[in-house]
Amino acid sequence: MRRSSISAVGSFFNSQSSSEMAGAGKQSSFLFWLQGSKEGYLRKTALRSVPTDWITTQKHEGSVLECHCSLKSQGEDKLVASVDPDFLRGDIEDEDDGICTVCEGNSLVLQYEYHILYSCSYSAPVLYFRAFTLGGKSLTLEEVWSSVHPHFRLHLQNCPLNAITQQEHPLLGQPFFFLHPCRTEEFMRPMLQAAQEQCRPVNYVLSWLSVVGPVLGLDVPLKYSTQLLPEASPSTMEPN
Amino acid sequence: MSENAESPTETQKEEQQPPLDDSTANEEKKKIDVLLKAVGDTPIMKTKKWAVDRGRTVQSLAQFISRFLKLDDGEQLFIYVNQSFAPSPDQEVGVLFDCFSSDGKLVLHYCKSQAWG
């Protein structure tokens with residue numbers, strides 16, 4: 001994504017569709033809008049609980065997915081304090097050697113950071129993300145695959161292109177993963193066509209995120225879809 | 001929600017089910033009426049109206065439809081509510097019904113697509 005092509009991002013995210021979901025730093029907003037000059041993106045960090053039975057446990061050392069603590073997330077922006085692993089193991093039944101002992105609720109807590117950028121080549125938003133254990137270690141691509149929601153995993157893995165790949169963040173220059181956007185138009189088409197036929201506005205970012213977000217554990221609260229949009233909305237909802 | 005492929009039962013031909021309220025609630029799980037509509041070139045299900053347990057998830061329903069339509073492994077089924085958003089796979093259909101039903105039924109549009117990558 002060349003810098004010159006990012007100018008379209010501003011207009012895309014300034015449309016009513018995404019402003020409804022983003023607030024400039026408001027804690028109550030689902031997504032946070034970050035902007036530098038004309039460029040910008042939507043961002044969200046969240047703790048995500050991933051069931052251990054989704055994860056193919058690595059038997060060798062060094063896997064970040066060895067579970068050392070399991071705490072219910074207190075809130076989106078707080079880091080949960082890590083628990084001394086030895087203390088925790090004492091309370092829990094032993095599983096196999098070398099594999100993390102099962103935590104309460106049989107789940108791992110991971111920290112996810114989601115960014116929504118706009119791809120001019122695909123004329124579509126793209127979901128970038130990265131994930132860490134609470135200890136701060138990044139997940140590898142393999143571990144990221146293990147944390148994809150099972151409902152989507154098989155289909156994603158059957159794609160001719162790799163649906164999830166690692167890529168340099170176009171604005172931050174840091175390694176992120178992203179969900180490949182080349183077929184966005186396919187799953188957005190039914191919603192856009194229906195909206196056109198029924199002459200009602202569509203919140204593009206919301207609709208798009210409702211499809212791709214759950215793949216990576218980012219569920220959009222229903223309340224965003226139950227809110228009625230204003231009758232005569234002047235702004236176009238489709239990305240330019 | 002059971003793991004055995006407990007299929008949603010077909011509704012009767014008769015039109016209106018008696019409205020469910022607290023006085024009629026019993027041990028049995030309440031079911032909600034779901035109307036399935038195909039989008040695009042997705043095959044149309046012969047039976048469109050189903051009575052589904054409230055606690056059933058969207059994922060489970062999607063799996064049922066995929067099996068019913070005999071979709072390939074590589075084909076992802078997308079389900080849309082109000083034709084405006086996709087519910088999360090873990091969402092219970094009962095909650096969707098409470099929020100988005102009209103005329104006593106939840107209308108869901110479904111579409112098959114090779115939509116990733």
# chains A, B, ... in the order shown; residues from 1 in each chain; ligands from 1
call {"tool": "residues_around", "arguments": {"residues": "region 64-70 of chain B", "least_positions_apart": "5", "cutoff": "12 Å", "atoms": "only C-alpha atoms", "output": "ChimeraX atom specification"}}
result
/A:151 /B:3-9,36-38,42-48,50,52,56-59,75-79,108-113
call {"tool": "interface_residues", "arguments": {"of": "chain B", "to": "chain A", "cutoff": "10 Å", "atoms": "only C-alpha atoms", "output": "PyMOL selection string"}}
result
chain B and resi 39-40+58-60+62-63+72-91+95-96+99-100+109-117
call {"tool": "atom_distance", "arguments": {"atom1": "CA of Ser147 (chain A)", "atom2": "CA of Gly94 (chain B)"}}
result
26.4 Å
call {"tool": "atom_distance", "arguments": {"atom1": "CA of Val50 (chain A)", "atom2": "CA of Val109 (chain A)"}}
result
6.3 Å
call {"tool": "residues_around", "arguments": {"residues": "region 130-136 of chain A", "least_positions_apart": "6", "cutoff": "6 Å", "atoms": "only C-alpha atoms", "output": "PyMOL selection string"}}
result
chain A and resi 110-113+176-177
call {"tool": "residues_around", "arguments": {"residues": "Leu117 (chain A)", "least_positions_apart": "4", "cutoff": "6 Å", "atoms": "only C-alpha atoms", "output": "list in words"}}
result
Tyr41, Pro125 and Val126 of chain A
call {"tool": "atom_distance", "arguments": {"atom1": "CA of Leu35 (chain B)", "atom2": "CA of Glu92 (chain B)"}}
result
15.5 Å
call {"tool": "select_by_dssp", "arguments": {"residues": "region 126-186 of chain A", "states": "strand (DSSP E)", "output": "VMD selection string"}}
result
chain A and resid 126 to 133 164 to 168 175 to 179
call {"tool": "write_last_selection", "arguments": {"atoms": "all heavy atoms", "output": "short mmCIF file (atom, residue, chain, number, x, y, z; two decimals), in the first residue's frame"}}
result
data_model
loop_
_atom_site.label_atom_id
_atom_site.label_comp_id
_atom_site.auth_asym_id
_atom_site.auth_seq_id
_atom_site.Cartn_x
_atom_site.Cartn_y
_atom_site.Cartn_z
N VAL A 126 -9.49 -3.63 5.40
CA VAL A 126 -8.72 -4.83 5.68
C VAL A 126 -8.51 -4.93 7.19
O VAL A 126 -8.23 -3.92 7.84
CB VAL A 126 -7.32 -4.79 5.00
CG1 VAL A 126 -6.61 -6.12 5.17
CG2 VAL A 126 -7.45 -4.41 3.55
N LEU A 127 -8.66 -6.11 7.71
CA LEU A 127 -8.47 -6.30 9.15
C LEU A 127 -7.05 -6.79 9.41
O LEU A 127 -6.68 -7.91 9.04
CB LEU A 127 -9.49 -7.31 9.69
CG LEU A 127 -9.51 -7.48 11.21
CD1 LEU A 127 -9.88 -6.17 11.90
CD2 LEU A 127 -10.52 -8.55 11.61
N TYR A 128 -6.26 -5.91 10.02
CA TYR A 128 -4.92 -6.28 10.46
C TYR A 128 -5.01 -6.62 11.94
O TYR A 128 -5.84 -6.06 12.67
CB TYR A 128 -3.95 -5.11 10.28
CG TYR A 128 -3.42 -4.93 8.88
CD1 TYR A 128 -4.23 -4.48 7.85
CD2 TYR A 128 -2.08 -5.19 8.59
CE1 TYR A 128 -3.74 -4.31 6.56
CE2 TYR A 128 -1.57 -5.02 7.31
CZ TYR A 128 -2.40 -4.58 6.31
OH TYR A 128 -1.91 -4.41 5.04
N PHE A 129 -4.15 -7.48 12.40
CA PHE A 129 -4.19 -7.81 13.82
C PHE A 129 -2.85 -8.38 14.27
O PHE A 129 -2.05 -8.84 13.45
CB PHE A 129 -5.32 -8.80 14.13
CG PHE A 129 -5.12 -10.17 13.52
CD1 PHE A 129 -4.60 -11.21 14.29
CD2 PHE A 129 -5.42 -10.42 12.20
CE1 PHE A 129 -4.41 -12.47 13.74
CE2 PHE A 129 -5.23 -11.67 11.64
CZ PHE A 129 -4.72 -12.70 12.42
N ARG A 130 -2.62 -8.32 15.54
CA ARG A 130 -1.53 -9.07 16.14
C ARG A 130 -1.97 -9.55 17.50
O ARG A 130 -2.89 -8.98 18.10
CB ARG A 130 -0.24 -8.24 16.21
CG ARG A 130 -0.36 -6.92 16.91
CD ARG A 130 0.96 -6.16 16.82
NE ARG A 130 0.85 -4.84 17.43
CZ ARG A 130 1.83 -3.95 17.41
NH1 ARG A 130 2.98 -4.23 16.83
NH2 ARG A 130 1.65 -2.76 17.99
N ALA A 131 -1.33 -10.59 17.94
CA ALA A 131 -1.76 -11.23 19.18
C ALA A 131 -0.56 -11.56 20.05
O ALA A 131 0.50 -11.92 19.55
CB ALA A 131 -2.56 -12.49 18.88
N PHE A 132 -0.76 -11.42 21.35
CA PHE A 132 0.30 -11.71 22.32
C PHE A 132 -0.28 -12.52 23.46
O PHE A 132 -1.47 -12.43 23.77
CB PHE A 132 0.85 -10.41 22.92
CG PHE A 132 1.28 -9.40 21.92
CD1 PHE A 132 0.41 -8.42 21.49
CD2 PHE A 132 2.58 -9.42 21.41
CE1 PHE A 132 0.81 -7.47 20.56
CE2 PHE A 132 2.98 -8.46 20.48
CZ PHE A 132 2.10 -7.50 20.06
N THR A 133 0.60 -13.25 24.12
CA THR A 133 0.20 -13.81 25.40
C THR A 133 0.24 -12.66 26.39
O THR A 133 0.73 -11.57 26.10
CB THR A 133 1.18 -14.88 25.89
OG1 THR A 133 2.46 -14.24 26.07
CG2 THR A 133 1.32 -15.98 24.86
N ILE A 164 -4.67 -15.86 5.80
CA ILE A 164 -4.03 -15.07 6.85
C ILE A 164 -2.54 -15.05 6.58
O ILE A 164 -1.91 -16.10 6.47
CB ILE A 164 -4.29 -15.66 8.25
CG1 ILE A 164 -5.78 -15.58 8.58
CG2 ILE A 164 -3.48 -14.92 9.31
CD1 ILE A 164 -6.13 -16.17 9.93
N THR A 165 -1.99 -13.89 6.41
CA THR A 165 -0.55 -13.81 6.19
C THR A 165 0.03 -12.69 7.04
O THR A 165 -0.68 -11.82 7.53
CB THR A 165 -0.22 -13.52 4.72
OG1 THR A 165 -1.02 -12.44 4.27
CG2 THR A 165 -0.46 -14.72 3.85
N GLN A 166 1.32 -12.73 7.16
CA GLN A 166 2.00 -11.70 7.92
C GLN A 166 2.48 -10.63 6.95
O GLN A 166 2.93 -10.92 5.85
CB GLN A 166 3.19 -12.31 8.67
CG GLN A 166 3.68 -11.41 9.79
CD GLN A 166 4.57 -12.16 10.77
OE1 GLN A 166 5.20 -13.14 10.40
NE2 GLN A 166 4.62 -11.70 12.00
N GLN A 167 2.34 -9.41 7.39
CA GLN A 167 2.60 -8.29 6.49
C GLN A 167 3.04 -7.11 7.31
O GLN A 167 2.66 -6.96 8.46
CB GLN A 167 1.28 -7.96 5.77
CG GLN A 167 1.25 -6.69 4.97
CD GLN A 167 1.58 -6.96 3.52
OE1 GLN A 167 2.60 -7.56 3.21
NE2 GLN A 167 0.72 -6.51 2.64
N GLU A 168 3.84 -6.26 6.70
CA GLU A 168 4.21 -5.04 7.40
C GLU A 168 3.02 -4.09 7.43
O GLU A 168 2.36 -3.86 6.42
CB GLU A 168 5.38 -4.39 6.66
CG GLU A 168 5.96 -3.18 7.38
CD GLU A 168 7.11 -2.57 6.57
OE1 GLU A 168 8.11 -3.27 6.37
OE2 GLU A 168 6.95 -1.43 6.12
N PRO A 175 5.35 -5.67 12.10
CA PRO A 175 4.74 -6.90 11.59
C PRO A 175 3.35 -7.13 12.19
O PRO A 175 3.18 -7.11 13.40
CB PRO A 175 5.71 -8.00 12.02
CG PRO A 175 6.54 -7.42 13.10
CD PRO A 175 6.55 -5.95 12.91
N PHE A 176 2.42 -7.34 11.32
CA PHE A 176 1.06 -7.65 11.70
C PHE A 176 0.60 -8.83 10.87
O PHE A 176 1.19 -9.15 9.84
CB PHE A 176 0.13 -6.47 11.39
CG PHE A 176 -0.03 -5.48 12.51
CD1 PHE A 176 1.00 -4.65 12.88
CD2 PHE A 176 -1.23 -5.39 13.20
CE1 PHE A 176 0.85 -3.73 13.91
CE2 PHE A 176 -1.40 -4.47 14.23
CZ PHE A 176 -0.35 -3.64 14.58
N PHE A 177 -0.46 -9.44 11.29
CA PHE A 177 -1.15 -10.41 10.45
C PHE A 177 -2.35 -9.69 9.83
O PHE A 177 -2.84 -8.71 10.39
CB PHE A 177 -1.65 -11.60 11.27
CG PHE A 177 -0.54 -12.40 11.87
CD1 PHE A 177 -0.19 -12.23 13.20
CD2 PHE A 177 0.15 -13.34 11.12
CE1 PHE A 177 0.84 -12.97 13.76
CE2 PHE A 177 1.19 -14.07 11.67
CZ PHE A 177 1.53 -13.89 13.00
N PHE A 178 -2.80 -10.20 8.70
CA PHE A 178 -4.03 -9.62 8.18
C PHE A 178 -4.84 -10.69 7.44
O PHE A 178 -4.32 -11.72 7.02
CB PHE A 178 -3.76 -8.42 7.28
CG PHE A 178 -3.27 -8.76 5.88
CD1 PHE A 178 -4.09 -8.58 4.79
CD2 PHE A 178 -1.98 -9.23 5.68
CE1 PHE A 178 -3.64 -8.88 3.51
CE2 PHE A 178 -1.54 -9.53 4.41
CZ PHE A 178 -2.37 -9.35 3.32
N LEU A 179 -6.12 -10.39 7.34
CA LEU A 179 -7.06 -11.26 6.66
C LEU A 179 -7.18 -10.75 5.23
O LEU A 179 -7.56 -9.61 5.00
CB LEU A 179 -8.40 -11.16 7.38
CG LEU A 179 -9.37 -12.33 7.34
CD1 LEU A 179 -8.72 -13.61 7.84
CD2 LEU A 179 -10.57 -12.01 8.23
#
call {"tool": "select_by_dssp", "arguments": {"residues": "region 50-110 of chain B", "states": "alpha helix (DSSP H)", "output": "PDB file with all heavy atoms, in the first residue's frame"}}
result
ATOM      1  N   VAL B  58     -25.629 -19.901  15.899  1.00  0.00           N
ATOM      2  CA  VAL B  58     -25.603 -19.621  14.461  1.00  0.00           C
ATOM      3  C   VAL B  58     -24.693 -20.629  13.756  1.00  0.00           C
ATOM      4  O   VAL B  58     -24.996 -21.111  12.663  1.00  0.00           O
ATOM      5  CB  VAL B  58     -25.119 -18.178  14.224  1.00  0.00           C
ATOM      6  CG1 VAL B  58     -24.766 -17.932  12.771  1.00  0.00           C
ATOM      7  CG2 VAL B  58     -26.174 -17.190  14.698  1.00  0.00           C
ATOM      8  N   GLN B  59     -23.592 -20.967  14.430  1.00  0.00           N
ATOM      9  CA  GLN B  59     -22.659 -21.936  13.841  1.00  0.00           C
ATOM     10  C   GLN B  59     -23.351 -23.266  13.603  1.00  0.00           C
ATOM     11  O   GLN B  59     -23.212 -23.872  12.537  1.00  0.00           O
ATOM     12  CB  GLN B  59     -21.464 -22.121  14.782  1.00  0.00           C
ATOM     13  CG  GLN B  59     -20.502 -23.190  14.306  1.00  0.00           C
ATOM     14  CD  GLN B  59     -19.269 -23.301  15.183  1.00  0.00           C
ATOM     15  OE1 GLN B  59     -19.130 -22.602  16.168  1.00  0.00           O
ATOM     16  NE2 GLN B  59     -18.361 -24.170  14.782  1.00  0.00           N
ATOM     17  N   SER B  60     -24.091 -23.701  14.595  1.00  0.00           N
ATOM     18  CA  SER B  60     -24.777 -24.973  14.483  1.00  0.00           C
ATOM     19  C   SER B  60     -25.806 -24.937  13.353  1.00  0.00           C
ATOM     20  O   SER B  60     -25.956 -25.888  12.594  1.00  0.00           O
ATOM     21  CB  SER B  60     -25.423 -25.283  15.832  1.00  0.00           C
ATOM     22  OG  SER B  60     -26.488 -26.160  15.685  1.00  0.00           O
ATOM     23  N   LEU B  61     -26.500 -23.833  13.245  1.00  0.00           N
ATOM     24  CA  LEU B  61     -27.498 -23.696  12.188  1.00  0.00           C
ATOM     25  C   LEU B  61     -26.827 -23.680  10.819  1.00  0.00           C
ATOM     26  O   LEU B  61     -27.289 -24.299   9.860  1.00  0.00           O
ATOM     27  CB  LEU B  61     -28.293 -22.401  12.399  1.00  0.00           C
ATOM     28  CG  LEU B  61     -29.546 -22.202  11.557  1.00  0.00           C
ATOM     29  CD1 LEU B  61     -30.554 -23.306  11.819  1.00  0.00           C
ATOM     30  CD2 LEU B  61     -30.178 -20.847  11.878  1.00  0.00           C
ATOM     31  N   ALA B  62     -25.704 -22.965  10.728  1.00  0.00           N
ATOM     32  CA  ALA B  62     -24.960 -22.905   9.465  1.00  0.00           C
ATOM     33  C   ALA B  62     -24.470 -24.292   9.059  1.00  0.00           C
ATOM     34  O   ALA B  62     -24.503 -24.667   7.886  1.00  0.00           O
ATOM     35  CB  ALA B  62     -23.788 -21.935   9.595  1.00  0.00           C
ATOM     36  N   GLN B  63     -24.018 -25.050  10.036  1.00  0.00           N
ATOM     37  CA  GLN B  63     -23.550 -26.409   9.743  1.00  0.00           C
ATOM     38  C   GLN B  63     -24.701 -27.268   9.240  1.00  0.00           C
ATOM     39  O   GLN B  63     -24.540 -28.068   8.320  1.00  0.00           O
ATOM     40  CB  GLN B  63     -22.954 -27.053  10.996  1.00  0.00           C
ATOM     41  CG  GLN B  63     -21.535 -26.599  11.261  1.00  0.00           C
ATOM     42  CD  GLN B  63     -21.035 -27.017  12.638  1.00  0.00           C
ATOM     43  OE1 GLN B  63     -21.773 -27.578  13.446  1.00  0.00           O
ATOM     44  NE2 GLN B  63     -19.789 -26.734  12.917  1.00  0.00           N
ATOM     45  N   PHE B  64     -25.850 -27.076   9.861  1.00  0.00           N
ATOM     46  CA  PHE B  64     -27.013 -27.833   9.443  1.00  0.00           C
ATOM     47  C   PHE B  64     -27.384 -27.514   7.993  1.00  0.00           C
ATOM     48  O   PHE B  64     -27.626 -28.408   7.180  1.00  0.00           O
ATOM     49  CB  PHE B  64     -28.195 -27.539  10.376  1.00  0.00           C
ATOM     50  CG  PHE B  64     -29.490 -28.094   9.869  1.00  0.00           C
ATOM     51  CD1 PHE B  64     -29.766 -29.451   9.989  1.00  0.00           C
ATOM     52  CD2 PHE B  64     -30.414 -27.278   9.245  1.00  0.00           C
ATOM     53  CE1 PHE B  64     -30.951 -29.972   9.497  1.00  0.00           C
ATOM     54  CE2 PHE B  64     -31.605 -27.792   8.764  1.00  0.00           C
ATOM     55  CZ  PHE B  64     -31.869 -29.143   8.877  1.00  0.00           C
ATOM     56  N   ILE B  65     -27.407 -26.232   7.676  1.00  0.00           N
ATOM     57  CA  ILE B  65     -27.763 -25.831   6.313  1.00  0.00           C
ATOM     58  C   ILE B  65     -26.730 -26.356   5.313  1.00  0.00           C
ATOM     59  O   ILE B  65     -27.071 -26.857   4.239  1.00  0.00           O
ATOM     60  CB  ILE B  65     -27.867 -24.294   6.203  1.00  0.00           C
ATOM     61  CG1 ILE B  65     -28.951 -23.754   7.133  1.00  0.00           C
ATOM     62  CG2 ILE B  65     -28.173 -23.876   4.767  1.00  0.00           C
ATOM     63  CD1 ILE B  65     -28.971 -22.243   7.241  1.00  0.00           C
ATOM     64  N   SER B  66     -25.454 -26.258   5.676  1.00  0.00           N
ATOM     65  CA  SER B  66     -24.387 -26.745   4.784  1.00  0.00           C
ATOM     66  C   SER B  66     -24.539 -28.233   4.503  1.00  0.00           C
ATOM     67  O   SER B  66     -24.369 -28.688   3.377  1.00  0.00           O
ATOM     68  CB  SER B  66     -23.014 -26.511   5.415  1.00  0.00           C
ATOM     69  OG  SER B  66     -22.781 -25.151   5.603  1.00  0.00           O
ATOM     70  N   ARG B  67     -24.852 -28.984   5.557  1.00  0.00           N
ATOM     71  CA  ARG B  67     -25.032 -30.426   5.369  1.00  0.00           C
ATOM     72  C   ARG B  67     -26.267 -30.694   4.518  1.00  0.00           C
ATOM     73  O   ARG B  67     -26.271 -31.542   3.632  1.00  0.00           O
ATOM     74  CB  ARG B  67     -25.169 -31.136   6.721  1.00  0.00           C
ATOM     75  CG  ARG B  67     -23.848 -31.433   7.400  1.00  0.00           C
ATOM     76  CD  ARG B  67     -24.020 -32.507   8.443  1.00  0.00           C
ATOM     77  NE  ARG B  67     -25.028 -32.173   9.426  1.00  0.00           N
ATOM     78  CZ  ARG B  67     -24.761 -31.532  10.572  1.00  0.00           C
ATOM     79  NH1 ARG B  67     -23.525 -31.177  10.842  1.00  0.00           N
ATOM     80  NH2 ARG B  67     -25.739 -31.262  11.418  1.00  0.00           N
ATOM     81  N   PHE B  68     -27.313 -29.962   4.815  1.00  0.00           N
ATOM     82  CA  PHE B  68     -28.572 -30.136   4.102  1.00  0.00           C
ATOM     83  C   PHE B  68     -28.381 -29.860   2.614  1.00  0.00           C
ATOM     84  O   PHE B  68     -28.918 -30.562   1.761  1.00  0.00           O
ATOM     85  CB  PHE B  68     -29.603 -29.157   4.695  1.00  0.00           C
ATOM     86  CG  PHE B  68     -31.020 -29.476   4.362  1.00  0.00           C
ATOM     87  CD1 PHE B  68     -31.799 -30.228   5.240  1.00  0.00           C
ATOM     88  CD2 PHE B  68     -31.603 -29.018   3.187  1.00  0.00           C
ATOM     89  CE1 PHE B  68     -33.128 -30.515   4.945  1.00  0.00           C
ATOM     90  CE2 PHE B  68     -32.921 -29.309   2.889  1.00  0.00           C
ATOM     91  CZ  PHE B  68     -33.690 -30.054   3.766  1.00  0.00           C
ATOM     92  N   LEU B  69     -27.609 -28.833   2.312  1.00  0.00           N
ATOM     93  CA  LEU B  69     -27.376 -28.462   0.918  1.00  0.00           C
ATOM     94  C   LEU B  69     -26.197 -29.212   0.315  1.00  0.00           C
ATOM     95  O   LEU B  69     -25.874 -29.025  -0.860  1.00  0.00           O
ATOM     96  CB  LEU B  69     -27.115 -26.960   0.814  1.00  0.00           C
ATOM     97  CG  LEU B  69     -28.250 -26.030   1.247  1.00  0.00           C
ATOM     98  CD1 LEU B  69     -27.797 -24.585   1.162  1.00  0.00           C
ATOM     99  CD2 LEU B  69     -29.476 -26.242   0.377  1.00  0.00           C
ATOM    100  N   VAL B  93     -29.598 -18.209  18.499  1.00  0.00           N
ATOM    101  CA  VAL B  93     -30.668 -17.748  17.607  1.00  0.00           C
ATOM    102  C   VAL B  93     -31.827 -17.160  18.398  1.00  0.00           C
ATOM    103  O   VAL B  93     -32.558 -16.307  17.909  1.00  0.00           O
ATOM    104  CB  VAL B  93     -31.162 -18.885  16.683  1.00  0.00           C
ATOM    105  CG1 VAL B  93     -30.063 -19.291  15.728  1.00  0.00           C
ATOM    106  CG2 VAL B  93     -31.661 -20.069  17.469  1.00  0.00           C
ATOM    107  N   GLY B  94     -31.984 -17.604  19.645  1.00  0.00           N
ATOM    108  CA  GLY B  94     -33.050 -17.056  20.470  1.00  0.00           C
ATOM    109  C   GLY B  94     -32.877 -15.560  20.690  1.00  0.00           C
ATOM    110  O   GLY B  94     -33.832 -14.775  20.655  1.00  0.00           O
ATOM    111  N   VAL B  95     -31.639 -15.146  20.912  1.00  0.00           N
ATOM    112  CA  VAL B  95     -31.348 -13.723  21.118  1.00  0.00           C
ATOM    113  C   VAL B  95     -31.603 -12.948  19.827  1.00  0.00           C
ATOM    114  O   VAL B  95     -32.171 -11.853  19.833  1.00  0.00           O
ATOM    115  CB  VAL B  95     -29.886 -13.528  21.579  1.00  0.00           C
ATOM    116  CG1 VAL B  95     -29.547 -12.061  21.689  1.00  0.00           C
ATOM    117  CG2 VAL B  95     -29.663 -14.231  22.912  1.00  0.00           C
ATOM    118  N   LEU B  96     -31.191 -13.521  18.720  1.00  0.00           N
ATOM    119  CA  LEU B  96     -31.435 -12.873  17.422  1.00  0.00           C
ATOM    120  C   LEU B  96     -32.936 -12.719  17.185  1.00  0.00           C
ATOM    121  O   LEU B  96     -33.393 -11.687  16.693  1.00  0.00           O
ATOM    122  CB  LEU B  96     -30.816 -13.687  16.286  1.00  0.00           C
ATOM    123  CG  LEU B  96     -29.295 -13.744  16.220  1.00  0.00           C
ATOM    124  CD1 LEU B  96     -28.850 -14.630  15.055  1.00  0.00           C
ATOM    125  CD2 LEU B  96     -28.705 -12.358  16.080  1.00  0.00           C
ATOM    126  N   PHE B  97     -33.669 -13.749  17.571  1.00  0.00           N
ATOM    127  CA  PHE B  97     -35.117 -13.687  17.406  1.00  0.00           C
ATOM    128  C   PHE B  97     -35.704 -12.542  18.232  1.00  0.00           C
ATOM    129  O   PHE B  97     -36.528 -11.760  17.756  1.00  0.00           O
ATOM    130  CB  PHE B  97     -35.745 -15.015  17.831  1.00  0.00           C
ATOM    131  CG  PHE B  97     -37.234 -15.073  17.679  1.00  0.00           C
ATOM    132  CD1 PHE B  97     -37.810 -15.450  16.477  1.00  0.00           C
ATOM    133  CD2 PHE B  97     -38.064 -14.722  18.746  1.00  0.00           C
ATOM    134  CE1 PHE B  97     -39.191 -15.487  16.338  1.00  0.00           C
ATOM    135  CE2 PHE B  97     -39.439 -14.756  18.608  1.00  0.00           C
ATOM    136  CZ  PHE B  97     -40.016 -15.145  17.406  1.00  0.00           C
ATOM    137  N   ASP B  98     -35.253 -12.434  19.465  1.00  0.00           N
ATOM    138  CA  ASP B  98     -35.763 -11.370  20.334  1.00  0.00           C
ATOM    139  C   ASP B  98     -35.499  -9.991  19.759  1.00  0.00           C
ATOM    140  O   ASP B  98     -36.314  -9.085  19.898  1.00  0.00           O
ATOM    141  CB  ASP B  98     -35.110 -11.469  21.721  1.00  0.00           C
ATOM    142  CG  ASP B  98     -35.520 -12.735  22.457  1.00  0.00           C
ATOM    143  OD1 ASP B  98     -36.591 -13.300  22.118  1.00  0.00           O
ATOM    144  OD2 ASP B  98     -34.786 -13.160  23.361  1.00  0.00           O
ATOM    145  N   CYS B  99     -34.353  -9.840  19.113  1.00  0.00           N
ATOM    146  CA  CYS B  99     -33.971  -8.512  18.619  1.00  0.00           C
ATOM    147  C   CYS B  99     -34.501  -8.208  17.224  1.00  0.00           C
ATOM    148  O   CYS B  99     -34.789  -7.057  16.907  1.00  0.00           O
ATOM    149  CB  CYS B  99     -32.452  -8.371  18.575  1.00  0.00           C
ATOM    150  SG  CYS B  99     -31.649  -8.491  20.170  1.00  0.00           S
ATOM    151  N   PHE B 100     -34.573  -9.229  16.389  1.00  0.00           N
ATOM    152  CA  PHE B 100     -34.768  -8.955  14.964  1.00  0.00           C
ATOM    153  C   PHE B 100     -35.946  -9.678  14.323  1.00  0.00           C
ATOM    154  O   PHE B 100     -36.087  -9.628  13.105  1.00  0.00           O
ATOM    155  CB  PHE B 100     -33.489  -9.316  14.188  1.00  0.00           C
ATOM    156  CG  PHE B 100     -32.268  -8.590  14.678  1.00  0.00           C
ATOM    157  CD1 PHE B 100     -31.323  -9.250  15.460  1.00  0.00           C
ATOM    158  CD2 PHE B 100     -32.071  -7.257  14.369  1.00  0.00           C
ATOM    159  CE1 PHE B 100     -30.202  -8.587  15.917  1.00  0.00           C
ATOM    160  CE2 PHE B 100     -30.939  -6.594  14.824  1.00  0.00           C
ATOM    161  CZ  PHE B 100     -30.007  -7.255  15.598  1.00  0.00           C
TER     162      PHE B 100
END
call {"tool": "decode", "arguments": {"residues": "region 125-136 of chain A", "atoms": "N, CA and C atoms", "output": "PDB file, in the first residue's frame"}}
result
ATOM      1  N   PRO A 125     -11.974  -2.343   3.149  1.00  0.00           N
ATOM      2  CA  PRO A 125     -11.253  -2.344   4.417  1.00  0.00           C
ATOM      3  C   PRO A 125     -10.541  -3.669   4.617  1.00  0.00           C
ATOM      4  N   VAL A 126      -9.491  -3.632   5.404  1.00  0.00           N
ATOM      5  CA  VAL A 126      -8.719  -4.835   5.678  1.00  0.00           C
ATOM      6  C   VAL A 126      -8.514  -4.928   7.188  1.00  0.00           C
ATOM      7  N   LEU A 127      -8.663  -6.112   7.715  1.00  0.00           N
ATOM      8  CA  LEU A 127      -8.470  -6.304   9.149  1.00  0.00           C
ATOM      9  C   LEU A 127      -7.047  -6.787   9.412  1.00  0.00           C
ATOM     10  N   TYR A 128      -6.262  -5.915  10.017  1.00  0.00           N
ATOM     11  CA  TYR A 128      -4.924  -6.283  10.458  1.00  0.00           C
ATOM     12  C   TYR A 128      -5.012  -6.621  11.940  1.00  0.00           C
ATOM     13  N   PHE A 129      -4.155  -7.484  12.400  1.00  0.00           N
ATOM     14  CA  PHE A 129      -4.186  -7.812  13.824  1.00  0.00           C
ATOM     15  C   PHE A 129      -2.850  -8.377  14.266  1.00  0.00           C
ATOM     16  N   ARG A 130      -2.625  -8.319  15.545  1.00  0.00           N
ATOM     17  CA  ARG A 130      -1.527  -9.068  16.137  1.00  0.00           C
ATOM     18  C   ARG A 130      -1.967  -9.547  17.499  1.00  0.00           C
ATOM     19  N   ALA A 131      -1.326 -10.591  17.941  1.00  0.00           N
ATOM     20  CA  ALA A 131      -1.764 -11.227  19.183  1.00  0.00           C
ATOM     21  C   ALA A 131      -0.560 -11.558  20.046  1.00  0.00           C
ATOM     22  N   PHE A 132      -0.759 -11.417  21.351  1.00  0.00           N
ATOM     23  CA  PHE A 132       0.296 -11.712  22.320  1.00  0.00           C
ATOM     24  C   PHE A 132      -0.277 -12.515  23.460  1.00  0.00           C
ATOM     25  N   THR A 133       0.603 -13.253  24.117  1.00  0.00           N
ATOM     26  CA  THR A 133       0.201 -13.810  25.397  1.00  0.00           C
ATOM     27  C   THR A 133       0.235 -12.660  26.391  1.00  0.00           C
ATOM     28  N   LEU A 134      -0.266 -12.905  27.565  1.00  0.00           N
ATOM     29  CA  LEU A 134      -0.243 -11.845  28.572  1.00  0.00           C
ATOM     30  C   LEU A 134       1.179 -11.525  29.000  1.00  0.00           C
ATOM     31  N   GLY A 135       2.062 -12.443  28.737  1.00  0.00           N
ATOM     32  CA  GLY A 135       3.464 -12.186  29.042  1.00  0.00           C
ATOM     33  C   GLY A 135       4.143 -11.324  27.993  1.00  0.00           C
ATOM     34  N   GLY A 136       3.437 -11.042  26.893  1.00  0.00           N
ATOM     35  CA  GLY A 136       3.982 -10.141  25.897  1.00  0.00           C
ATOM     36  C   GLY A 136       4.639 -10.808  24.705  1.00  0.00           C
TER      37      GLY A 136
END
